[in-house]
Amino acid sequence: RSGDILLQVEDLHVAYGTAHVVHGVSFTVRAGEFVVMLGRNGAGKTTILQAISGLIPKRAGRVGFAGDDISRASARDIVQAGLIQVLEGHRVFTSLSVEDNLLIGAAARSRTDLKATIEEIYEEFPEIADKRHQQASRLSGGQQQILAVAQGIVADPRLLMLDEPSGGLAPIVVDRILSFAAKLARSGVAVLLVEQLVEKALKHADYGYLLETGAIGGEGWAADLGDSDLIRRIYLGGH
Ligand code: ATP
């Protein structure tokens, strides 16, 4: 793998009370890379993202971002540093218009080319462009998911973390979102995706990690992982 290391997670442990759900996870995301973390339902993917973002406490471990130690940084400071997480389940402000949602997303970080970025998003996703002045509550679930991802993009991330953007979406829309994420990575923004849709994720990502009940079970180029024994082990239930 080439490119500078942007995110470095080392020996991360996370617990909910006495339930130790992430035990010693280490992985990296490099600048301009599209990395996917695959794992079954309940493997701990969401927990890892939330811990990196500072939304839930870490039991142990270190998180480095762009050369700084952000292990103890607040969620707010982590956003300011350019590490942006799009939450699972298309969470947007439903009482605000589509466009206001985008303006609020951008307020997380100051940027100069906001208008152009919003136009680019509208071009890519005309279904939300057509409703830009309507309340977000009037969007379909899929359109809200697109809006949630767009909110992450307008925040001008250095690393965009996407938590199962496929949730409840038609396969064709999932492909559009993931190919947009790949395009973003090619433009220099790193992307970390967590997904259960193995085939789709591997089609668009560069590199993948496999999470098995709170620990990394394997890693490799996305192009090689699809046919690997590890994937079969995780998804066909054999151990
Ligand atoms: P999913 O795809 O369903 O989101 P996941 O891989 O993201 O799965 P997590 O949501 O991180 O998995 O959950 C990992 C484990 O932690 C699961 O066993 C889950 O039941 C447990 N867990 C998650 N959130 C909490 C919580 N707030 N309190 C207690 N246990 C939790």
# chains A, B, ... in the order shown; residues from 1 in each chain; ligands from 1
$ residues_near_ligand --ligand "ligand 1" --cutoff "7 Å" --atoms "only C-alpha atoms and all ligand atoms" --output "ChimeraX atom specification"
/A:16,19,21,39-48,196
$ residues_around --residues "Ile56 (chain A)" --least-positions-apart "5" --cutoff "12 Å" --atoms "only C-alpha atoms" --output "JSON, numbers by chain"
{"A": [13, 14, 15, 16, 17, 46, 47, 48, 49, 50, 51, 71, 72, 73, 74, 75]}
$ write_last_selection --atoms "all heavy atoms" --output "mmCIF file, in the first residue's frame"
data_model
loop_
_atom_site.group_PDB
_atom_site.id
_atom_site.type_symbol
_atom_site.label_atom_id
_atom_site.label_comp_id
_atom_site.auth_asym_id
_atom_site.auth_seq_id
_atom_site.Cartn_x
_atom_site.Cartn_y
_atom_site.Cartn_z
ATOM 1 N N HIS A 13 -9.504 -1.196 22.287
ATOM 2 C CA HIS A 13 -10.442 -2.005 23.076
ATOM 3 C C HIS A 13 -11.646 -1.139 23.431
ATOM 4 O O HIS A 13 -11.475 -0.002 23.848
ATOM 5 C CB HIS A 13 -9.801 -2.471 24.388
ATOM 6 C CG HIS A 13 -8.732 -3.497 24.191
ATOM 7 N ND1 HIS A 13 -8.900 -4.821 24.511
ATOM 8 C CD2 HIS A 13 -7.481 -3.388 23.679
ATOM 9 C CE1 HIS A 13 -7.790 -5.496 24.214
ATOM 10 N NE2 HIS A 13 -6.908 -4.640 23.711
ATOM 11 N N VAL A 14 -12.837 -1.684 23.264
ATOM 12 C CA VAL A 14 -14.048 -0.957 23.652
ATOM 13 C C VAL A 14 -14.989 -1.924 24.364
ATOM 14 O O VAL A 14 -15.125 -3.087 23.948
ATOM 15 C CB VAL A 14 -14.791 -0.351 22.432
ATOM 16 C CG1 VAL A 14 -15.919 0.573 22.897
ATOM 17 C CG2 VAL A 14 -13.846 0.408 21.507
ATOM 18 N N ALA A 15 -15.613 -1.423 25.422
ATOM 19 C CA ALA A 15 -16.564 -2.252 26.169
ATOM 20 C C ALA A 15 -17.807 -1.443 26.489
ATOM 21 O O ALA A 15 -17.746 -0.218 26.632
ATOM 22 C CB ALA A 15 -15.907 -2.740 27.454
ATOM 23 N N TYR A 16 -18.938 -2.138 26.507
ATOM 24 C CA TYR A 16 -20.175 -1.540 27.038
ATOM 25 C C TYR A 16 -20.370 -2.183 28.406
ATOM 26 O O TYR A 16 -20.747 -3.353 28.485
ATOM 27 C CB TYR A 16 -21.369 -1.861 26.140
ATOM 28 C CG TYR A 16 -21.266 -1.286 24.742
ATOM 29 C CD1 TYR A 16 -20.943 -2.097 23.664
ATOM 30 C CD2 TYR A 16 -21.491 0.070 24.504
ATOM 31 C CE1 TYR A 16 -20.858 -1.573 22.377
ATOM 32 C CE2 TYR A 16 -21.397 0.597 23.227
ATOM 33 C CZ TYR A 16 -21.083 -0.231 22.165
ATOM 34 O OH TYR A 16 -20.998 0.292 20.897
ATOM 35 N N GLY A 17 -20.079 -1.441 29.474
ATOM 36 C CA GLY A 17 -20.132 -2.051 30.806
ATOM 37 C C GLY A 17 -19.181 -3.232 30.852
ATOM 38 O O GLY A 17 -17.995 -3.084 30.571
ATOM 39 N N THR A 46 -19.765 -0.759 14.004
ATOM 40 C CA THR A 46 -20.266 0.554 14.424
ATOM 41 C C THR A 46 -19.524 1.026 15.671
ATOM 42 O O THR A 46 -19.144 2.200 15.780
ATOM 43 C CB THR A 46 -21.777 0.476 14.708
ATOM 44 O OG1 THR A 46 -22.441 0.136 13.485
ATOM 45 C CG2 THR A 46 -22.325 1.787 15.236
ATOM 46 N N THR A 47 -19.300 0.107 16.583
ATOM 47 C CA THR A 47 -18.610 0.444 17.836
ATOM 48 C C THR A 47 -17.222 1.020 17.548
ATOM 49 O O THR A 47 -16.810 2.015 18.156
ATOM 50 C CB THR A 47 -18.501 -0.825 18.715
ATOM 51 O OG1 THR A 47 -19.824 -1.309 18.979
ATOM 52 C CG2 THR A 47 -17.779 -0.538 20.020
ATOM 53 N N ILE A 48 -16.504 0.417 16.605
ATOM 54 C CA ILE A 48 -15.156 0.897 16.271
ATOM 55 C C ILE A 48 -15.223 2.325 15.714
ATOM 56 O O ILE A 48 -14.467 3.207 16.144
ATOM 57 C CB ILE A 48 -14.479 -0.071 15.270
ATOM 58 C CG1 ILE A 48 -14.153 -1.387 15.986
ATOM 59 C CG2 ILE A 48 -13.221 0.546 14.654
ATOM 60 C CD1 ILE A 48 -13.691 -2.503 15.065
ATOM 61 N N LEU A 49 -16.156 2.570 14.799
ATOM 62 C CA LEU A 49 -16.265 3.922 14.229
ATOM 63 C C LEU A 49 -16.603 4.948 15.308
ATOM 64 O O LEU A 49 -16.020 6.030 15.360
ATOM 65 C CB LEU A 49 -17.340 3.977 13.132
ATOM 66 C CG LEU A 49 -17.080 3.197 11.839
ATOM 67 C CD1 LEU A 49 -18.060 3.647 10.758
ATOM 68 C CD2 LEU A 49 -15.663 3.374 11.344
ATOM 69 N N GLN A 50 -17.551 4.592 16.177
ATOM 70 C CA GLN A 50 -17.960 5.541 17.226
ATOM 71 C C GLN A 50 -16.809 5.839 18.183
ATOM 72 O O GLN A 50 -16.674 6.962 18.669
ATOM 73 C CB GLN A 50 -19.134 4.975 18.035
ATOM 74 C CG GLN A 50 -20.269 4.473 17.180
ATOM 75 C CD GLN A 50 -21.455 5.407 17.206
ATOM 76 O OE1 GLN A 50 -21.278 6.608 17.229
ATOM 77 N NE2 GLN A 50 -22.644 4.853 17.203
ATOM 78 N N ALA A 51 -16.000 4.821 18.456
ATOM 79 C CA ALA A 51 -14.866 5.031 19.365
ATOM 80 C C ALA A 51 -13.821 5.927 18.703
ATOM 81 O O ALA A 51 -13.254 6.815 19.336
ATOM 82 C CB ALA A 51 -14.256 3.687 19.765
ATOM 83 N N SER A 71 -6.547 10.033 20.566
ATOM 84 C CA SER A 71 -7.171 9.025 21.436
ATOM 85 C C SER A 71 -8.070 9.653 22.488
ATOM 86 O O SER A 71 -9.084 9.082 22.868
ATOM 87 C CB SER A 71 -6.102 8.208 22.153
ATOM 88 O OG SER A 71 -5.130 7.766 21.252
ATOM 89 N N ARG A 72 -7.661 10.831 22.991
ATOM 90 C CA ARG A 72 -8.431 11.450 24.066
ATOM 91 C C ARG A 72 -9.135 12.740 23.612
ATOM 92 O O ARG A 72 -9.670 13.469 24.435
ATOM 93 C CB ARG A 72 -7.514 11.788 25.251
ATOM 94 C CG ARG A 72 -6.681 10.622 25.751
ATOM 95 C CD ARG A 72 -6.957 10.266 27.197
ATOM 96 N NE ARG A 72 -6.398 8.999 27.643
ATOM 97 C CZ ARG A 72 -6.466 7.830 27.002
ATOM 98 N NH1 ARG A 72 -7.033 7.756 25.840
ATOM 99 N NH2 ARG A 72 -5.954 6.731 27.508
ATOM 100 N N ALA A 73 -9.111 13.016 22.331
ATOM 101 C CA ALA A 73 -9.710 14.262 21.828
ATOM 102 C C ALA A 73 -11.241 14.179 21.897
ATOM 103 O O ALA A 73 -11.818 13.090 21.849
ATOM 104 C CB ALA A 73 -9.251 14.507 20.398
ATOM 105 N N SER A 74 -11.892 15.345 22.006
ATOM 106 C CA SER A 74 -13.353 15.366 22.047
ATOM 107 C C SER A 74 -13.901 15.139 20.640
ATOM 108 O O SER A 74 -13.209 15.374 19.638
ATOM 109 C CB SER A 74 -13.834 16.726 22.547
ATOM 110 O OG SER A 74 -13.523 17.714 21.584
ATOM 111 N N ALA A 75 -15.172 14.708 20.580
ATOM 112 C CA ALA A 75 -15.810 14.467 19.279
ATOM 113 C C ALA A 75 -15.743 15.736 18.428
ATOM 114 O O ALA A 75 -15.526 15.692 17.220
ATOM 115 C CB ALA A 75 -17.249 14.019 19.491
#
$ residues_around --residues "Arg138 (chain A)" --least-positions-apart "6" --cutoff "9 Å" --atoms "only C-alpha atoms" --output "ChimeraX atom specification"
/A:94,131,144
$ select_by_dssp --residues "region 22-131 of chain A" --states "strand (DSSP E or B)" --output "PyMOL selection string"
chain A and resi 22-30+34-39+60-65+68-69+83-86+97
$ residues_around --residues "region 110-125 of chain A" --least-positions-apart "5" --cutoff "8 Å" --atoms "only C-alpha atoms" --output "number ranges by chain"
A: 102, 146, 150, 154-156
$ closest_residue --among "A:Arg233, A:Phe34, A:Val9, A:Val22" --to "Trp221 (chain A)" --atoms "only C-alpha atoms"
A:Phe34
$ select_by_dssp --residues "region 9-232 of chain A" --states "alpha helix (DSSP H)" --output "VMD selection string"
chain A and resid 45 to 52 75 to 80 98 to 107 114 to 124 126 to 129 141 to 154 171 to 186 198 to 204 222 to 225 229 to 232
$ closest_residue --among "A:Leu197, A:Leu210, A:Ala129, A:Ala190" --to "Ser97 (chain A)" --atoms "only C-alpha atoms"
A:Ala129
$ residues_around --residues "region 178-184 of chain A" --least-positions-apart "5" --cutoff "9 Å" --atoms "only C-alpha atoms" --output "PyMOL selection string"
chain A and resi 32-34+124+153+160+165-166+173+189-191+200-201+203-206
$ closest_residue --among "A:Val198, A:Ala215, A:Ile84, A:Ile104" --to "Gly152 (chain A)" --atoms "only C-alpha atoms"
A:Ile84
$ atom_distance --atom1 "CA of Glu164 (chain A)" --atom2 "CA of Ser228 (chain A)"
22.0 Å
$ residues_around --residues "Ser95 (chain A)" --least-positions-apart "5" --cutoff "10 Å" --atoms "only C-alpha atoms" --output "number ranges by chain"
A: 100-101, 134-138
$ write_last_selection --atoms "N, CA and C atoms" --output "compact mmCIF listing (two decimals), in the first residue's frame"
# COMPACT_ATOMS: atom_id res chain seq x y z
N ASP A 100 -30.72 23.30 3.59
CA ASP A 100 -30.28 23.70 4.94
C ASP A 100 -29.50 22.58 5.62
N ASN A 101 -29.90 21.33 5.36
CA ASN A 101 -29.13 20.21 5.90
C ASN A 101 -27.69 20.25 5.39
N GLN A 134 -37.36 21.55 -0.30
CA GLN A 134 -38.39 20.86 0.48
C GLN A 134 -37.81 20.36 1.80
N GLN A 135 -38.71 20.12 2.77
CA GLN A 135 -38.26 19.56 4.04
C GLN A 135 -37.70 18.17 3.81
N ALA A 136 -36.61 17.88 4.53
CA ALA A 136 -35.96 16.58 4.36
C ALA A 136 -36.89 15.43 4.76
N SER A 137 -37.89 15.73 5.58
CA SER A 137 -38.84 14.67 5.98
C SER A 137 -39.61 14.15 4.77
N ARG A 138 -39.65 14.92 3.69
CA ARG A 138 -40.39 14.49 2.51
C ARG A 138 -39.56 13.62 1.57
